[in-house]
file input-v7.cif (mmCIF, C-alpha atoms)
data_input
loop_
_atom_site.label_atom_id
_atom_site.label_comp_id
_atom_site.auth_asym_id
_atom_site.auth_seq_id
_atom_site.Cartn_x
_atom_site.Cartn_y
_atom_site.Cartn_z
CA MET A 1 39.42 19.00 -11.98
CA ARG A 2 36.52 16.79 -10.86
CA THR A 3 34.17 18.46 -8.41
CA GLY A 4 33.77 16.56 -5.14
CA ASP A 5 30.47 15.06 -4.05
CA GLU A 6 30.22 17.50 -1.17
CA GLU A 7 30.49 20.53 -3.47
CA LEU A 8 27.82 19.08 -5.73
CA VAL A 9 25.62 18.45 -2.71
CA ALA A 10 26.08 22.06 -1.58
CA ALA A 11 25.14 23.31 -5.06
CA ALA A 12 22.14 20.95 -5.20
CA GLN A 13 21.03 22.17 -1.79
CA GLU A 14 20.97 25.69 -3.27
CA GLY A 15 18.59 24.42 -5.93
CA ASN A 16 21.07 23.62 -8.70
CA GLN A 17 19.43 20.66 -10.43
CA GLN A 18 22.40 20.04 -12.71
CA ALA A 19 24.52 19.38 -9.63
CA PHE A 20 22.06 16.77 -8.45
CA GLU A 21 21.98 15.17 -11.90
CA GLU A 22 25.76 14.93 -11.75
CA LEU A 23 25.48 13.11 -8.41
CA VAL A 24 23.00 10.70 -10.00
CA GLU A 25 25.36 10.16 -12.92
CA ARG A 26 28.20 9.31 -10.56
CA HIS A 27 26.32 6.90 -8.33
CA LYS A 28 23.58 5.38 -10.47
CA GLN A 29 25.49 2.30 -11.65
CA LYS A 30 26.72 1.31 -8.21
CA ALA A 31 23.29 2.06 -6.73
CA TYR A 32 21.65 -0.07 -9.39
CA HIS A 33 24.04 -2.99 -8.81
CA ILE A 34 23.55 -2.92 -5.03
CA ALA A 35 19.78 -2.93 -5.54
CA PHE A 36 20.14 -5.76 -8.04
CA ASP A 37 22.13 -7.79 -5.49
CA PHE A 38 19.20 -7.54 -3.12
CA CYS A 39 16.26 -8.05 -5.46
CA ARG A 40 17.80 -9.85 -8.49
CA ASP A 41 15.30 -8.20 -10.79
CA ARG A 42 16.22 -5.55 -13.34
CA GLU A 43 13.01 -3.52 -13.11
CA ASP A 44 12.88 -3.71 -9.32
CA ALA A 45 16.55 -2.75 -9.07
CA LYS A 46 15.85 0.24 -11.30
CA ASP A 47 12.85 1.27 -9.20
CA LEU A 48 14.69 0.83 -5.92
CA SER A 49 17.76 2.79 -6.97
CA GLN A 50 15.59 5.55 -8.47
CA GLU A 51 13.55 5.68 -5.28
CA ALA A 52 16.78 6.11 -3.33
CA PHE A 53 17.78 9.05 -5.53
CA LEU A 54 14.31 10.52 -5.14
CA LYS A 55 14.51 10.23 -1.36
CA ALA A 56 17.95 11.79 -1.42
CA PHE A 57 16.62 14.66 -3.55
CA VAL A 58 13.67 15.31 -1.23
CA ASN A 59 15.80 15.12 1.93
CA LEU A 60 18.90 16.82 0.57
CA LYS A 61 18.29 19.94 2.67
CA LYS A 62 18.42 17.75 5.80
CA PHE A 63 21.82 16.33 4.83
CA ASP A 64 24.21 18.03 7.27
CA GLY A 65 27.49 16.59 6.00
CA ARG A 66 28.28 14.71 9.21
CA SER A 67 28.84 11.62 7.08
CA SER A 68 29.86 11.61 3.43
CA PHE A 69 27.16 11.84 0.77
CA TYR A 70 28.26 8.37 -0.34
CA THR A 71 27.50 6.86 3.09
CA TRP A 72 24.29 8.84 3.52
CA PHE A 73 22.96 7.91 0.10
CA TYR A 74 23.86 4.21 0.23
CA ARG A 75 22.31 3.98 3.69
CA ILE A 76 19.04 5.20 2.16
CA LEU A 77 19.41 2.65 -0.62
CA VAL A 78 20.21 -0.31 1.65
CA ASN A 79 17.25 0.55 3.89
CA LEU A 80 14.98 0.63 0.85
CA CYS A 81 16.36 -2.73 -0.29
CA LEU A 82 15.70 -4.25 3.13
CA ASP A 83 12.18 -2.80 3.09
CA TYR A 84 11.70 -4.32 -0.34
CA LYS A 85 12.62 -7.73 1.04
CA ARG A 86 10.21 -7.26 3.92
CA ARG A 87 7.44 -6.26 1.50
CA LEU A 88 8.10 -9.34 -0.60
CA LYS A 89 7.86 -11.57 2.43
CA ARG A 90 4.45 -10.07 3.17
CA SER A 91 3.14 -10.71 -0.38
CA PRO A 92 3.71 -14.39 -1.19
CA THR A 93 1.97 -14.03 -4.58
CA ASP A 94 4.94 -12.07 -5.86
CA SER A 95 7.42 -14.84 -5.31
CA PHE A 96 11.01 -13.76 -5.03
CA ASP A 97 12.23 -17.10 -6.37
CA GLU A 98 10.14 -16.83 -9.51
CA THR A 99 11.35 -13.32 -10.17
CA LEU A 100 14.83 -14.48 -9.48
CA GLU A 101 14.81 -17.43 -11.81
CA ASN A 102 13.47 -15.42 -14.72
CA GLN A 103 15.95 -12.70 -14.04
CA MET A 104 18.94 -14.93 -13.62
CA GLU A 105 18.45 -16.32 -17.11
CA ARG A 106 18.40 -12.78 -18.47
CA SER A 107 21.27 -11.53 -16.38
CA HIS A 108 23.51 -14.32 -17.65
CA GLU A 109 22.57 -13.79 -21.28
CA PRO A 110 25.47 -11.47 -22.17
CA ASN A 111 27.96 -14.16 -21.14
CA ARG A 112 29.59 -16.55 -23.60
CA PRO A 113 27.46 -19.37 -25.00
CA ARG A 114 27.59 -22.46 -22.79
CA SER A 115 27.11 -26.14 -23.45
CA PRO A 116 23.81 -27.68 -22.31
CA ASP A 117 25.59 -29.40 -19.40
CA GLN A 118 27.16 -26.16 -18.30
CA GLN A 119 23.81 -24.41 -18.55
CA VAL A 120 22.13 -27.04 -16.38
CA LEU A 121 24.89 -26.83 -13.80
CA ALA A 122 24.83 -23.02 -13.85
CA GLY A 123 21.07 -23.10 -13.34
CA GLN A 124 21.44 -25.50 -10.40
CA ILE A 125 24.11 -23.39 -8.79
CA SER A 126 22.08 -20.26 -9.38
CA ARG A 127 19.00 -21.66 -7.71
CA LYS A 128 20.97 -23.08 -4.81
CA VAL A 129 22.84 -19.83 -4.27
CA ASP A 130 19.65 -17.81 -4.38
CA VAL A 131 17.92 -20.06 -1.86
CA ALA A 132 20.99 -19.95 0.40
CA LEU A 133 21.18 -16.14 0.19
CA GLN A 134 17.48 -15.82 0.93
CA ALA A 135 17.84 -18.02 3.97
CA LEU A 136 20.32 -15.60 5.55
CA PRO A 137 19.02 -13.15 8.14
CA ALA A 138 18.74 -9.58 6.76
CA LYS A 139 21.81 -8.19 8.53
CA GLN A 140 24.03 -11.10 7.57
CA ARG A 141 22.86 -10.89 3.97
CA THR A 142 23.44 -7.13 3.88
CA ALA A 143 26.95 -7.41 5.27
CA PHE A 144 27.72 -10.28 2.92
CA LEU A 145 26.35 -8.62 -0.24
CA LEU A 146 28.12 -5.34 0.46
CA LYS A 147 31.41 -7.13 1.09
CA ASN A 148 31.35 -10.02 -1.35
CA HIS A 149 29.49 -8.37 -4.23
CA GLN A 150 30.33 -4.70 -3.87
CA GLY A 151 33.76 -4.96 -2.29
CA LEU A 152 33.05 -2.34 0.36
CA SER A 153 35.42 -2.23 3.31
CA ILE A 154 34.29 -3.42 6.75
CA LYS A 155 34.45 0.22 7.88
CA GLU A 156 32.20 1.40 5.05
CA ILE A 157 29.72 -1.41 5.71
CA ALA A 158 29.67 -0.53 9.40
CA GLU A 159 28.87 3.10 8.52
CA LEU A 160 26.14 2.06 6.10
CA MET A 161 24.59 -0.35 8.57
CA GLN A 162 25.13 2.09 11.44
CA THR A 163 26.79 -0.54 13.54
CA ALA A 164 30.20 -1.44 14.95
CA GLU A 165 32.91 -2.92 12.74
CA GLY A 166 33.10 -5.93 15.07
CA THR A 167 29.41 -6.58 14.51
CA VAL A 168 29.87 -6.47 10.74
CA LYS A 169 32.70 -9.01 11.05
CA VAL A 170 30.45 -11.32 13.02
CA HIS A 171 27.62 -10.96 10.45
CA LEU A 172 30.03 -11.61 7.62
CA HIS A 173 31.56 -14.64 9.29
CA ARG A 174 28.15 -16.18 10.00
CA ALA A 175 26.93 -15.49 6.46
CA VAL A 176 30.03 -17.06 4.92
CA THR A 177 29.82 -20.11 7.19
CA ALA A 178 26.13 -20.63 6.34
CA LEU A 179 26.73 -20.23 2.60
CA ARG A 180 29.69 -22.59 2.66
CA HIS A 181 27.53 -25.28 4.21
CA SER A 182 24.62 -24.63 1.84
CA LEU A 183 26.86 -24.79 -1.22
CA ALA A 184 29.08 -27.66 -0.01
CA GLU A 185 28.03 -29.89 -2.92
CA PHE A 186 29.73 -27.51 -5.38
CA VAL A 187 33.14 -27.68 -3.70
CA MET B 1 32.89 -28.27 -10.56
CA ALA B 2 30.60 -30.35 -8.39
CA GLY B 3 32.63 -32.12 -5.77
CA HIS B 4 32.07 -34.53 -2.96
CA GLY B 5 30.50 -31.97 -0.65
CA GLN B 6 32.68 -32.93 2.32
CA LEU B 7 33.82 -29.95 4.28
CA LEU B 8 36.87 -29.90 6.47
CA SER B 9 36.48 -27.90 9.64
CA PRO B 10 39.04 -25.16 10.16
CA CYS B 11 40.50 -24.33 13.57
CA LYS B 12 37.47 -22.95 15.40
CA ASN B 13 39.25 -19.98 16.99
CA LEU B 14 40.59 -18.85 13.61
CA GLU B 15 37.43 -19.12 11.52
CA GLU B 16 36.52 -15.44 11.70
CA ASP B 17 40.11 -14.43 10.93
CA LEU B 18 40.08 -16.75 7.92
CA VAL B 19 37.00 -15.00 6.53
CA LEU B 20 38.67 -11.61 7.01
CA PHE B 21 41.87 -13.00 5.49
CA HIS B 22 39.88 -14.13 2.45
CA TYR B 23 38.52 -10.61 1.97
CA GLY B 24 41.88 -8.94 2.67
CA GLU B 25 40.55 -7.32 5.83
CA LEU B 26 42.84 -8.90 8.40
CA PRO B 27 45.24 -6.36 9.97
CA ALA B 28 48.96 -6.84 9.36
CA PRO B 29 50.07 -8.57 12.62
CA GLU B 30 47.22 -11.12 12.54
CA HIS B 31 47.68 -11.56 8.80
CA PHE B 32 51.31 -12.52 9.27
CA SER B 33 50.65 -14.98 12.09
CA LEU B 34 47.75 -16.57 10.16
CA GLU B 35 50.00 -17.05 7.13
CA GLN B 36 52.44 -18.89 9.38
CA HIS B 37 49.60 -21.03 10.74
CA LEU B 38 48.35 -21.83 7.22
CA SER B 39 51.67 -23.28 6.21
CA GLY B 40 51.15 -26.08 8.73
CA CYS B 41 47.33 -26.49 8.84
CA ALA B 42 45.64 -28.42 6.04
CA ASN B 43 42.11 -27.79 7.32
CA CYS B 44 42.44 -24.00 7.46
CA THR B 45 44.07 -24.03 4.02
CA ALA B 46 41.18 -26.11 2.66
CA TYR B 47 38.69 -23.70 4.25
CA LEU B 48 40.27 -20.79 2.40
CA LYS B 49 40.19 -22.76 -0.85
CA ASP B 50 36.49 -23.42 -0.31
CA LEU B 51 35.82 -19.74 0.15
CA SER B 52 37.79 -18.88 -2.98
CA ALA B 53 35.76 -21.43 -4.96
CA LEU B 54 32.31 -20.77 -3.49
CA MET B 55 32.02 -17.09 -2.77
CA PRO B 56 32.43 -15.95 -6.42
CA LEU B 57 29.52 -18.30 -7.31
CA THR B 58 27.17 -16.13 -5.30
CA ILE B 59 27.87 -13.08 -7.45
CA LYS B 60 25.39 -12.43 -10.21
CA THR B 61 26.19 -9.66 -12.59
CA ASP B 62 23.75 -7.65 -14.61
CA ASP B 63 24.97 -5.20 -17.20
CA PRO B 64 21.99 -3.44 -18.72
CA PRO B 65 22.34 -1.96 -22.22
CA GLU B 66 22.88 1.74 -22.93
CA THR B 67 19.17 2.24 -23.71
CA PHE B 68 18.35 1.12 -20.18
CA TRP B 69 20.45 3.95 -18.75
CA LEU B 70 18.87 6.51 -21.07
CA ASP B 71 15.42 5.41 -19.88
CA TYR B 72 16.71 5.41 -16.33
CA ASN B 73 17.76 9.07 -16.52
CA ARG B 74 14.57 10.14 -18.27
CA GLU B 75 12.32 8.34 -15.78
CA LEU B 76 14.21 9.69 -12.80
CA ARG B 77 13.97 13.24 -14.15
CA HIS B 78 10.20 12.84 -14.49
CA LYS B 79 9.90 11.39 -10.99
CA ILE B 80 11.89 14.28 -9.53
CA ALA B 81 9.79 16.83 -11.44
CA ALA B 82 6.60 15.18 -10.20
CA THR B 83 7.87 15.18 -6.61
CA ARG B 84 8.88 18.84 -6.87
CA ASP B 85 5.44 19.84 -8.20
CA LYS B 86 3.70 17.83 -5.53
CA SER B 87 5.81 19.19 -2.70
CA TRP B 88 5.73 22.87 -3.81
CA TRP B 89 2.68 23.95 -1.79
CA PRO B 90 3.37 22.04 1.42
CA ALA B 91 7.00 23.16 1.23
CA LYS B 92 6.11 26.84 0.94
CA PHE B 93 3.44 26.52 3.59
CA GLY B 94 5.79 24.55 5.81
CA ALA B 95 8.57 27.09 5.30
CA PHE B 96 6.40 29.72 6.92
CA PHE B 97 6.30 27.63 10.08
CA GLN B 98 10.03 27.04 10.29
CA PRO B 99 11.24 27.73 13.87
CA ARG B 100 13.39 30.73 12.93
CA LEU B 101 10.65 32.43 10.91
CA LEU B 102 8.08 31.65 13.54
CA THR B 103 10.23 33.28 16.25
CA ALA B 104 10.82 36.37 14.11
CA PHE B 105 7.13 36.60 13.31
CA GLY B 106 6.26 36.27 17.01
CA ALA B 107 8.74 39.00 17.99
CA ILE B 108 7.35 41.37 15.35
CA ALA B 109 3.82 40.69 16.54
CA VAL B 110 4.73 41.41 20.19
CA ILE B 111 6.50 44.66 19.23
CA ALA B 112 3.53 45.74 17.11
CA VAL B 113 1.08 45.08 19.95
CA ALA B 114 3.30 46.91 22.47
CA LEU B 115 3.66 49.96 20.20
CA THR B 116 -0.06 50.07 19.50
CA LEU B 117 -0.89 49.91 23.18
CA THR B 118 1.68 52.55 24.12
CA LEU B 119 1.18 55.11 21.35
CA GLY B 120 -2.52 54.65 20.81
CA LYS B 121 -3.45 54.73 24.50
CA GLY B 122 -5.34 58.10 24.38
CA VAL B 123 -7.16 57.30 21.22
CA TRP B 124 -8.20 53.90 22.56
CA GLN B 125 -9.33 55.34 25.90
CA SER B 126 -11.51 58.08 24.41
CA ARG B 127 -13.04 55.61 22.00
CA ASP B 128 -13.72 53.13 24.75
CA LEU B 129 -15.65 55.54 26.99
CA PRO B 130 -19.44 55.46 27.06
CA ARG B 131 -21.37 58.46 25.70
CA GLU B 132 -22.26 59.90 29.18
CA ASP B 133 -18.66 59.71 30.30
CA GLU B 134 -17.56 61.46 27.15
CA ALA B 135 -19.82 64.43 28.06
CA LEU B 136 -18.42 64.40 31.58
CA MET B 137 -14.90 64.42 30.21
CA GLU B 138 -15.74 67.56 28.23
CA VAL B 139 -17.28 69.35 31.27
CA LEU B 140 -14.59 68.31 33.74
CA PRO B 141 -11.87 70.70 32.55
CA MET B 142 -14.34 73.56 32.67
CA ALA B 143 -15.34 72.58 36.21
CA GLU B 144 -11.72 72.43 37.21
CA ASP B 145 -11.28 75.96 35.84
CA LEU B 146 -14.27 77.09 37.90
CA ASP B 147 -12.75 75.61 41.06
CA PHE B 148 -9.57 77.48 40.31
CA PHE B 149 -11.32 80.81 40.09
CA LYS B 150 -13.31 80.05 43.26
CA THR B 151 -10.03 79.39 45.09
CA MET B 152 -8.68 82.66 43.75
CA ASP B 153 -11.76 84.43 45.18
CA VAL B 154 -11.13 82.84 48.61
CA LEU B 155 -7.53 83.95 48.47
CA ASP B 156 -8.72 87.48 47.64
CA ASN B 157 -11.07 87.37 50.63
CA LEU B 158 -8.21 86.20 52.86
CA ASP B 159 -6.24 89.27 51.84
CA VAL B 160 -9.18 91.47 52.87
CA LEU B 161 -9.51 89.66 56.21
CA GLU B 162 -5.80 89.95 56.88
CA PHE B 163 -5.96 93.63 56.04
CA MET B 164 -8.87 94.07 58.37
CA ALA B 165 -7.07 92.24 61.17
CA SER B 166 -4.00 94.42 60.89
CA PRO B 167 -3.63 97.67 62.97
CA GLU B 168 -3.91 99.75 59.82
CA GLY B 169 -7.18 98.07 58.96
CA ALA B 170 -8.45 98.54 62.52
CA ALA B 171 -7.65 102.25 62.33
#
call {"tool": "encode", "arguments": {"input": "input-v7.cif", "output": "structure tokens"}}
result
Amino acid sequence: MRTGDEELVAAAQEGNQQAFEELVERHKQKAYHIAFDFCRDREDAKDLSQEAFLKAFVNLKKFDGRSSFYTWFYRILVNLCLDYKRRLKRSPTDSFDETLENQMERSHEPNRPRSPDQQVLAGQISRKVDVALQALPAKQRTAFLLKNHQGLSIKEIAELMQTAEGTVKVHLHRAVTALRHSLAEFV
Amino acid sequence: MAGHGQLLSPCKNLEEDLVLFHYGELPAPEHFSLEQHLSGCANCTAYLKDLSALMPLTIKTDDPPETFWLDYNRELRHKIAATRDKSWWPAKFGAFFQPRLLTAFGAIAVIAVALTLTLGKGVWQSRDLPREDEALMEVLPMAEDLDFFKTMDVLDNLDVLEFMASPEGAA
């Protein structure tokens, strides 16, 4: 029978490193993909998700089980991702768009080969989508990415963002409306 | 894929519900009534179609190879080890000042001070006295003894006086 997260957390709190490694094993892919949604860069997504695990490890003794480990951990991760965005805004030399463009080419590599026309169109869409996502306010983008990309429920997003479900719905609605207008040419 | 870019506006009061409907988050009663509305509203239906076409475009997937995950685990293990080494001293030092330990330590200290003051009172007093006082303290009991014997002498004399005052003594 699979041990629950909470039991692993309890064991890790007692100093069992294997238990913590098991938690990493369970959550690393999802953590990585959430971080990738925010930063669109493989190395940065790796660093951000690892930093989240590191923070969780250091603060594990403070985790009191009032929320699930899942919520607690992903809250750490989302906060780090938002900090990352803020840091990027402060350092214009490390352009998000440049990172993004290079990365998008790589991230689409495993897909089937495409005709030159398709590639051009995909590149256009990619750039437009990235610009539109970047233009969203942080909370709207967070709600949108967690819903649209990660498929989290409104309730889960509200817990992660430490806000009311109604507020998440408003953020999501505004994000979707803005993106629909930005991407209207592709309808 | 690229279209004309003309967007139809959905019914304003239903826009938020349409977004939730798209993500399967609309509760059952509203879901049912919205479905009924959609059957007669071209604009709201078009809005949902737009969402179905556009929202998946925003998703970018990245599936790193197996070697990436091996590096990921190895790097994370190193980072955790480095953090543990770095935080060992402050953690141990900090643990000493945890509220519970600090309270216990305080209580032990108070008890120790109280016991020392109570049990070691005589020792402390004699040590604290100046040299002249020490000499006085040695003489004092002897002087008290002397007073005692003097009193006894007086009492003896009283007996003599009483005897003398009595008729037998007078005789």
call {"tool": "atom_distance", "arguments": {"input": "input-v7.cif", "atom1": "CA of Val120 in chain A", "atom2": "CA of Phe68 in chain B"}}
result
28.7 Å
call {"tool": "atom_distance", "arguments": {"input": "input-v7.cif", "atom1": "CA of Asn16 in chain A", "atom2": "CA of Leu60 in chain A"}}
result
11.7 Å
call {"tool": "resolve_selection", "arguments": {"input": "input-v7.cif", "expression": "the PyMOL selection byres ((chain B) within 8 of (chain A))", "output": "PDB file with C-alpha atoms, keeping the file's coordinate frame"}}
result
ATOM      1  CA  MET B   1      32.890 -28.270 -10.560  1.00  0.00           C
ATOM      2  CA  ALA B   2      30.600 -30.350  -8.390  1.00  0.00           C
ATOM      3  CA  GLY B   3      32.630 -32.120  -5.770  1.00  0.00           C
ATOM      4  CA  HIS B   4      32.070 -34.530  -2.960  1.00  0.00           C
ATOM      5  CA  GLY B   5      30.500 -31.970  -0.650  1.00  0.00           C
ATOM      6  CA  GLN B   6      32.680 -32.930   2.320  1.00  0.00           C
ATOM      7  CA  LEU B   7      33.820 -29.950   4.280  1.00  0.00           C
ATOM      8  CA  GLU B  15      37.430 -19.120  11.520  1.00  0.00           C
ATOM      9  CA  GLU B  16      36.520 -15.440  11.700  1.00  0.00           C
ATOM     10  CA  VAL B  19      37.000 -15.000   6.530  1.00  0.00           C
ATOM     11  CA  LEU B  20      38.670 -11.610   7.010  1.00  0.00           C
ATOM     12  CA  TYR B  23      38.520 -10.610   1.970  1.00  0.00           C
ATOM     13  CA  GLU B  25      40.550  -7.320   5.830  1.00  0.00           C
ATOM     14  CA  ASP B  50      36.490 -23.420  -0.310  1.00  0.00           C
ATOM     15  CA  LEU B  51      35.820 -19.740   0.150  1.00  0.00           C
ATOM     16  CA  ALA B  53      35.760 -21.430  -4.960  1.00  0.00           C
ATOM     17  CA  LEU B  54      32.310 -20.770  -3.490  1.00  0.00           C
ATOM     18  CA  MET B  55      32.020 -17.090  -2.770  1.00  0.00           C
ATOM     19  CA  PRO B  56      32.430 -15.950  -6.420  1.00  0.00           C
ATOM     20  CA  LEU B  57      29.520 -18.300  -7.310  1.00  0.00           C
ATOM     21  CA  THR B  58      27.170 -16.130  -5.300  1.00  0.00           C
ATOM     22  CA  ILE B  59      27.870 -13.080  -7.450  1.00  0.00           C
ATOM     23  CA  LYS B  60      25.390 -12.430 -10.210  1.00  0.00           C
ATOM     24  CA  THR B  61      26.190  -9.660 -12.590  1.00  0.00           C
ATOM     25  CA  ASP B  62      23.750  -7.650 -14.610  1.00  0.00           C
ATOM     26  CA  ASP B  63      24.970  -5.200 -17.200  1.00  0.00           C
ATOM     27  CA  TYR B  72      16.710   5.410 -16.330  1.00  0.00           C
ATOM     28  CA  LEU B  76      14.210   9.690 -12.800  1.00  0.00           C
ATOM     29  CA  LYS B  79       9.900  11.390 -10.990  1.00  0.00           C
ATOM     30  CA  ILE B  80      11.890  14.280  -9.530  1.00  0.00           C
ATOM     31  CA  THR B  83       7.870  15.180  -6.610  1.00  0.00           C
TER      32      THR B  83
END
call {"tool": "residues_around", "arguments": {"input": "input-v7.cif", "residues": "range 34-49 of chain B", "least_positions_apart": "4", "cutoff": "7 Å", "atoms": "all atoms listed in the file", "output": "list of chain:residue names"}}
result
B:Leu8, B:Ser9, B:Pro10, B:Cys11, B:Leu18, B:His22, B:Glu30, B:Ala53
call {"tool": "closest_residue", "arguments": {"input": "input-v7.cif", "among": "A:Asn59, A:Gln18, A:Gln124, A:Ser68", "to": "Gly4 in chain A", "atoms": "only C-alpha atoms"}}
result
A:Ser68
call {"tool": "residues_around", "arguments": {"input": "input-v7.cif", "residues": "Glu156 in chain A", "least_positions_apart": "5", "cutoff": "9 Å", "atoms": "only C-alpha atoms", "output": "ChimeraX atom specification"}}
result
/A:71,161,165
call {"tool": "write_last_selection", "arguments": {"input": "input-v7.cif", "atoms": "C-alpha atoms", "output": "short mmCIF file (atom, residue, chain, number, x, y, z; two decimals), in the frame of the given file"}}
result
data_model
loop_
_atom_site.label_atom_id
_atom_site.label_comp_id
_atom_site.auth_asym_id
_atom_site.auth_seq_id
_atom_site.Cartn_x
_atom_site.Cartn_y
_atom_site.Cartn_z
CA THR A 71 27.50 6.86 3.09
CA MET A 161 24.59 -0.35 8.57
CA GLU A 165 32.91 -2.92 12.74
#
call {"tool": "closest_residue", "arguments": {"input": "input-v7.cif", "among": "A:Gln162, A:Ser115, A:Gln13, A:Thr142", "to": "Val78 in chain A", "atoms": "only C-alpha atoms"}}
result
A:Thr142
call {"tool": "atom_distance", "arguments": {"input": "input-v7.cif", "atom1": "CA of Ala12 in chain A", "atom2": "CA of Arg74 in chain B"}}
result
18.6 Å
call {"tool": "closest_residue", "arguments": {"input": "input-v7.cif", "among": "A:Leu77, A:Leu82, A:Ala10, A:Cys39", "to": "Lys61 in chain A", "atoms": "only C-alpha atoms"}}
result
A:Ala10
